[in-house]
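Here is the structure we will look at.
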Amino acid sequence: MNIINFLRNAFAGRKLATVGFIWLCFILLAAIFAPLIAPFDPLEIDPVGRLAEPGLPNLFGTDHFGRDTFSRAIYGARMTVIIGVGSVVVALVCGGLIGMLSAYFTRLGHFLMRGVDVLMAFPALLMALVLITLLERSVFNTILVIGIVYATTTARILYGMTLKLKGEVFVDAAVCSGAGHSSILFRHILPNLVSPLLVQASFIFAFAQLQAAALDFLGLGLPPEVPSWGNMLSEERIYVTRAPWLLIYPGLLIVLSVFSMNLVGDALRDSIDPRFKDDIAGV
Amino acid sequence: MLAYTAKRLLTLIPTLLAATILVFLFVHLIPGDPAAILLGDTATPEEVAQLSAELGFDRPLWIQYFLWLGNVLQGDLGTSIFFREPVTAVIGSGAETSILLASMTMVWIIILGLPIGVLSATKHGTWIDQITSSGAMLAASVPTFWLGLYLIMIFSVTLGWFPSSGFPSLSDEGGITNLRYLILPSLTLAAPNAALIVRLVRASMLDVAREDHVRTARAKGLHPARVAIKHVFRNALIAVAAAFGFTFAALISEAVVTETVFSLPGIGRLVVQSILRRDYPVIQGVILVIVVLYMVINLLVDLAYARLDPRVSLK
């Protein structure tokens with residue numbers, strides 16, 4: 001299926017989801033052009049201007065180090081996109097490969113999917129905590145941990161979908177015309193999985209934001225100096241009564257972005273191929 | 001049903017064993033001498049050597065695993081570095097809070113999630129449905145700690161209705177009224193989960209509503225409310241009941257964040273603090289307990305599901 005047509009169908013008549021999609025485009029632009037948009041250096045400390053109220057020149061006020069909250073929020077958009085895209089890539093590549101290979105090579109699949117079952121016995125946040133205990137706090141490790149957590153669900157979903165596709169006539173036809181395994185998997189089966197993968201990606205992106213924010217809050221996520229929305233909330237929470245704006249802006253940004261991503265995922269899922277409806281996560 | 005139960009029990013055992021191997025390996029994946037890691041920084045070389053001999057760290061890994069598993073089966077999860085107490089006692093002290101918090105959360109999920117879900121499904125396609133469905137999705141998009149902080153701000157700091165943190169045991173002074181300490185935390189934890197239940201109730205009711213027996217019920221002139229409750233809702237409840245079980249199992253670990261926000265002495269906060277304190281025996285013990293609990297609850301849910309819906313065990 002053509003991706004542009006798929007997107008156009010998905011958003012037709014869905015105002016809220018379209019607004020969500022536009023909001024996400026804004027976040028993406030803010031992430032790319034952060035150095036041009038942010039009026040101040042997000043790391044610059046100003047002891048005199050601590051906890052300044054929102055206004056000019058600090059649109060969202062300043063935090064307890066005197067750093068400009070608006071600039072930090074703009075750079076936070078960058079972290080949001082990096083964490084989200086990174087986790088999606090890790091989850092889809094690892095989980096996708098495991099799921100597809102398991103469904104295609106049945107014997108290997110028996111072995112691999114048991115492993116996935118074992119990993120799924122660990123609740124998501126607990127597994128992230130276990131993995132983070134073994135690793136240092138860094139952007140890469142946060143992405144890795146969240147990606148691995150969602151790789152298990154992705155593997156299981158793609159396993160089911162590939163099994164269904166494997167029984168279809170076009171696969172038989174490809175086998176008969178002498179196509180090799182990799183050609184069948186990646187040129188015949190994979191293109192049919194693009195739209196469900198897109199749906200899966202949008203839900204993982206949304207979950208990843210919440211998980212990353214939770215890890216930041218627990219002091220086990222990104223290094224504390226990295227300007228992410230989760231870190232902003234975590235660091236400034238003791239000032240909630242003195243400087244409530246420090247918690248409102250980053251919190252609202254997280255809520256709006258996760259909500260938008262969920263709306264987009266929902267819209268995409270509703271327009272998906274009915275064969276896969278039952279397999280997709282996110283009720 | 002009996003054959004299905006036996007089959008599920010048999011598949012549980014290898015998964016459970018594999019999970020224990022992962023939990024066991026956890027301590028060995030941390031760089032350094034495992035005995036030194038388990039004893040902490042203050043341990044003397046003699047103590048390290050003694051524990052090393054006791055747990056067989058000089059012997060092959062698989063023997064170590066069986067020694068460890070033997071201890072675990074006898075209820076010995078090691079000694080906490082920080083508390084200098086058996087890990088089982090440390091975990092036990094957090095159990096009351098965690099179980100009460102999870103139970104109260106389930107109560108909120110049921111009294112919020114079910115009626116709103118039914119309302120959303122019966123008013124399908126109207127503005128009521130749009131508001132409740134998008135509201136549920138919005139609630140599922142809120143970070144729990146952020147919600148918790150604002151509930152504290154509004155209901156504890158400003159209005160002074162509920163305590164903002166901590167939880168004295170029910171056996172302490174105050175008795176059952178101490179449950180008021182858990183009202184805000186349980187609401188916080190319930191919000192995203194109730195939202196998922198709303199969406200699930202709605203989705204499964206709409207699924208059932210398309211079935212033939214519902215059309216028959218309508219065709220014979222039953223009152224729409226009776227059709228909605230007796231024919232649609234009751235059938236949809238099968239899937240929802242299963243989701244309740246899975247949610248309860250997941251709550252124990254999801255509570256990590258909520259217990260931290262409200263400084264509750266539960267198992268979730270224990271995990272985080274143990275990670276920050278590098279108290280590896282406690283981390284290992286809690287993971288083991290939560291994973292086993294999670295798997296057992298999931299098994300029970302599956303069995304209950306098969307009992308409620310005989311079609312499942314025939315598949």
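Residue numbering restarts at 1 in every chain; chains get A, B, ... in the order shown in the structure tokens, and ligands count up from 1 in that same order.
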Residues of chain B were defined as contacting chain A if any atom lay at most 8 Å from it, counting only C-alpha atoms; please report them as JSON, numbers by chain. {"B": [15, 16, 18, 19, 29, 30, 137, 138, 140, 141, 142, 143, 145, 146, 149, 153, 196, 199, 200, 203, 250, 253, 254, 257, 260, 272, 275, 287, 291, 294, 295]}
Near segment 160-162 of chain B, counting only C-alpha atoms, which residues have an atom at most 12 Å away, once you skip same-chain residues fewer than 5 positions from it, shown as a short mmCIF file (atom, residue, chain, number, x, y, z; two decimals) with C-alpha atoms, in the first residue's frame?
```cif
data_model
loop_
_atom_site.label_atom_id
_atom_site.label_comp_id
_atom_site.auth_asym_id
_atom_site.auth_seq_id
_atom_site.Cartn_x
_atom_site.Cartn_y
_atom_site.Cartn_z
CA LEU B 151 -2.94 15.89 43.33
CA ILE B 152 -0.65 16.56 46.31
CA MET B 153 -0.64 20.27 45.47
CA ILE B 154 -4.43 20.48 45.25
CA PHE B 155 -5.75 18.00 47.81
CA PHE B 167 1.71 5.32 55.09
CA THR B 177 -8.54 5.21 58.86
CA ASN B 178 -4.88 5.08 57.82
CA LEU B 179 -6.20 4.04 54.43
CA ARG B 180 -6.71 7.77 53.76
CA TYR B 181 -2.95 7.92 53.14
CA LEU B 182 -3.49 5.70 50.11
CA ILE B 183 -6.39 7.58 48.51
CA LEU B 184 -4.30 10.01 46.42
CA PRO B 185 -1.65 7.41 45.49
CA PHE B 262 4.12 9.74 47.77
#
```
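For the residues B:Asp41, B:Asp129, B:Glu54, B:Glu96, ranking by smallest atom-to-atom distance to Leu264 of chain B using only C-alpha atoms places B:Glu96 first.
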Out of segment 150-226 of chain B, which residues get alpha helix (DSSP H) from DSSP, as a ChimeraX atom specification? /B:150-151,183-209,212-219,224-226
Put those residues in a file: C-alpha atoms, as a compact mmCIF listing (two decimals), in the first residue's frame.
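File produced: selection-v5.txt:
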```txt
# COMPACT_ATOMS: atom_id res chain seq x y z
CA TYR B 150 -0.55 18.01 41.25
CA LEU B 151 -2.94 15.89 43.33
CA ILE B 183 -6.39 7.58 48.51
CA LEU B 184 -4.30 10.01 46.42
CA PRO B 185 -1.65 7.41 45.49
CA SER B 186 -4.26 4.87 44.42
CA LEU B 187 -6.10 7.49 42.33
CA THR B 188 -2.82 8.45 40.67
CA LEU B 189 -2.00 4.86 39.84
CA ALA B 190 -5.56 4.15 38.75
CA ALA B 191 -5.86 7.01 36.23
CA PRO B 192 -3.93 5.55 33.27
CA ASN B 193 -5.13 2.01 34.00
CA ALA B 194 -8.79 2.98 34.33
CA ALA B 195 -8.38 4.79 31.03
CA LEU B 196 -7.22 1.57 29.37
CA ILE B 197 -10.18 -0.31 30.89
CA VAL B 198 -12.59 2.33 29.53
CA ARG B 199 -11.18 1.80 26.06
CA LEU B 200 -11.23 -1.97 26.45
CA VAL B 201 -14.84 -2.10 27.74
CA ARG B 202 -15.90 0.14 24.86
CA ALA B 203 -14.04 -1.90 22.24
CA SER B 204 -15.25 -5.29 23.46
CA MET B 205 -18.86 -4.11 23.87
CA LEU B 206 -18.84 -2.77 20.32
CA ASP B 207 -17.44 -6.12 19.17
CA VAL B 208 -20.13 -8.12 20.95
CA ALA B 209 -22.86 -5.75 19.77
CA ASP B 212 -26.02 -12.38 15.89
CA HIS B 213 -27.41 -13.11 19.34
CA VAL B 214 -27.59 -9.38 20.05
CA ARG B 215 -29.52 -8.76 16.85
CA THR B 216 -31.90 -11.55 17.87
CA ALA B 217 -32.36 -10.00 21.32
CA ARG B 218 -33.16 -6.65 19.73
CA ALA B 219 -35.44 -8.24 17.15
CA PRO B 224 -32.31 -1.53 24.69
CA ALA B 225 -30.95 -1.14 28.24
CA ARG B 226 -31.60 -4.84 28.90
```
Spatial neighbours of Leu108 of chain A, 10 Å, only C-alpha atoms, chain gap at least 6 places, as a PDB file with N, CA and C atoms, in the first residue's frame:
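The file below, around.pdb, is the result:
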```
ATOM      1  N   ILE A  98      13.299 -10.630  15.091  1.00  0.00           N
ATOM      2  CA  ILE A  98      13.008 -11.853  15.848  1.00  0.00           C
ATOM      3  C   ILE A  98      11.646 -12.411  15.460  1.00  0.00           C
ATOM      4  N   LEU A 101      11.666 -13.663  11.603  1.00  0.00           N
ATOM      5  CA  LEU A 101      12.471 -14.876  11.421  1.00  0.00           C
ATOM      6  C   LEU A 101      11.829 -16.064  12.128  1.00  0.00           C
ATOM      7  N   SER A 102      11.259 -15.800  13.335  1.00  0.00           N
ATOM      8  CA  SER A 102      10.643 -16.889  14.094  1.00  0.00           C
ATOM      9  C   SER A 102       9.453 -17.482  13.354  1.00  0.00           C
TER      10      SER A 102
END
```
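Residues in contact range of Phe66 of chain B, defined as at most 12 Å between only C-alpha atoms, with sequence neighbours fewer than 4 positions away removed, read Leu17, Thr20, Ile21, Phe24, Leu55, Gly56, Phe57, Arg59, Pro60, Leu61, Trp62, Gly70, Asn71, Val72 and Leu73 of chain B.
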Write the residues of the preceding selection, restricted to C-alpha atoms, as a compact mmCIF listing (two decimals), in the first residue's frame.
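Everything below was put into selection35.txt:
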```txt
# COMPACT_ATOMS: atom_id res chain seq x y z
CA LEU B 17 12.96 -21.76 35.41
CA THR B 20 14.98 -17.61 37.59
CA ILE B 21 18.15 -18.19 35.55
CA PHE B 24 20.32 -15.41 39.03
CA LEU B 55 27.38 -19.79 47.67
CA GLY B 56 29.94 -21.82 45.72
CA PHE B 57 31.27 -18.92 43.65
CA ARG B 59 32.46 -23.70 41.42
CA PRO B 60 30.95 -23.89 37.91
CA LEU B 61 28.11 -21.48 37.16
CA TRP B 62 25.43 -24.15 36.86
CA GLY B 70 17.95 -24.42 46.60
CA ASN B 71 18.31 -21.47 48.98
CA VAL B 72 15.48 -19.60 47.25
CA LEU B 73 13.15 -22.58 47.54
```
Just the residues within 9 Å of segment 148-158 of chain A, please, counting only C-alpha atoms, with nothing from its chain fewer than 3 positions along; format it as a VMD selection string. chain A and resid 87 to 88 90 to 100 102 to 103 113 116 to 117 119 to 120 123 to 125 127 to 128 143 to 145 161 to 163 193 196 to 197 200 204 207 to 208 279 to 281
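Considering only C-alpha atoms, the residue among B:Leu308, B:Ile63, B:Val48, B:Leu299 positioned nearest to Leu10 of chain B is B:Leu299.
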Fewer than 2 positions away in the same chain doesn't count, so skip those; otherwise give me all residues within 7 Å of Ile81 of chain B, counting only C-alpha atoms, as a VMD selection string. chain B and resid 39 to 40 79 83 to 84 279
With N, CA and C atoms retained, export the selected residues as a CSV table (one decimal), in the first residue's frame.
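Output file result_34.csv follows:
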```csv
chain,number,residue,atom,x,y,z
B,39,LEU,N,28.0,-8.3,49.2
B,39,LEU,CA,28.3,-7.9,50.6
B,39,LEU,C,28.5,-6.4,50.7
B,40,GLY,N,28.7,-5.7,49.6
B,40,GLY,CA,28.8,-4.3,49.7
B,40,GLY,C,30.3,-3.9,49.9
B,79,THR,N,21.1,-11.7,52.2
B,79,THR,CA,21.0,-10.6,53.2
B,79,THR,C,21.2,-9.3,52.6
B,83,PHE,N,20.3,-2.9,54.9
B,83,PHE,CA,19.6,-3.1,56.2
B,83,PHE,C,20.3,-4.1,57.1
B,84,ARG,N,21.2,-5.0,56.6
B,84,ARG,CA,21.8,-6.0,57.4
B,84,ARG,C,20.7,-7.0,57.9
B,279,ASP,N,22.1,-2.0,46.5
B,279,ASP,CA,21.8,-3.1,47.4
B,279,ASP,C,21.4,-4.3,46.5
```
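Interatomic distance, atom CA of Val296 of chain B to atom CA of Ser274 of chain B: 24.7 Å.
Here atom CA of Leu56 of chain A stands at a distance of 16.2 Å from atom CA of Pro42 of chain A.
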With a distance cut-off of 9 Å and only C-alpha atoms, select the neighbouring residues of segment 30-35 of chain A, excluding the residue or stretch itself and same-chain residues fewer than 5 positions from it, and output the selection as a PDB file with C-alpha atoms, in the first residue's frame.
```pdb
ATOM      1  CA  CYS A  25       5.296  18.216  13.250  1.00  0.00           C
ATOM      2  CA  PHE A  40      19.234  31.332  25.468  1.00  0.00           C
ATOM      3  CA  ASP A  41      21.752  28.568  26.045  1.00  0.00           C
ATOM      4  CA  SER A  71      15.116  27.226  25.860  1.00  0.00           C
ATOM      5  CA  ILE A  74      12.903  23.576  23.077  1.00  0.00           C
ATOM      6  CA  TYR A  75      16.005  21.444  23.554  1.00  0.00           C
ATOM      7  CA  GLY A  76      13.779  18.993  25.443  1.00  0.00           C
ATOM      8  CA  ALA A  77      11.829  18.522  22.206  1.00  0.00           C
ATOM      9  CA  ARG A  78      15.096  17.379  20.671  1.00  0.00           C
ATOM     10  CA  MET A  79      15.556  14.757  23.424  1.00  0.00           C
ATOM     11  CA  THR A  80      11.927  13.679  22.968  1.00  0.00           C
ATOM     12  CA  VAL A  81      12.476  13.024  19.283  1.00  0.00           C
ATOM     13  CA  ILE A  82      15.840  11.321  19.849  1.00  0.00           C
TER      14      ILE A  82
END
```
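From atom CA of Lys164 of chain A back to atom CA of Phe186 of chain A, the distance works out to 15.4 Å.
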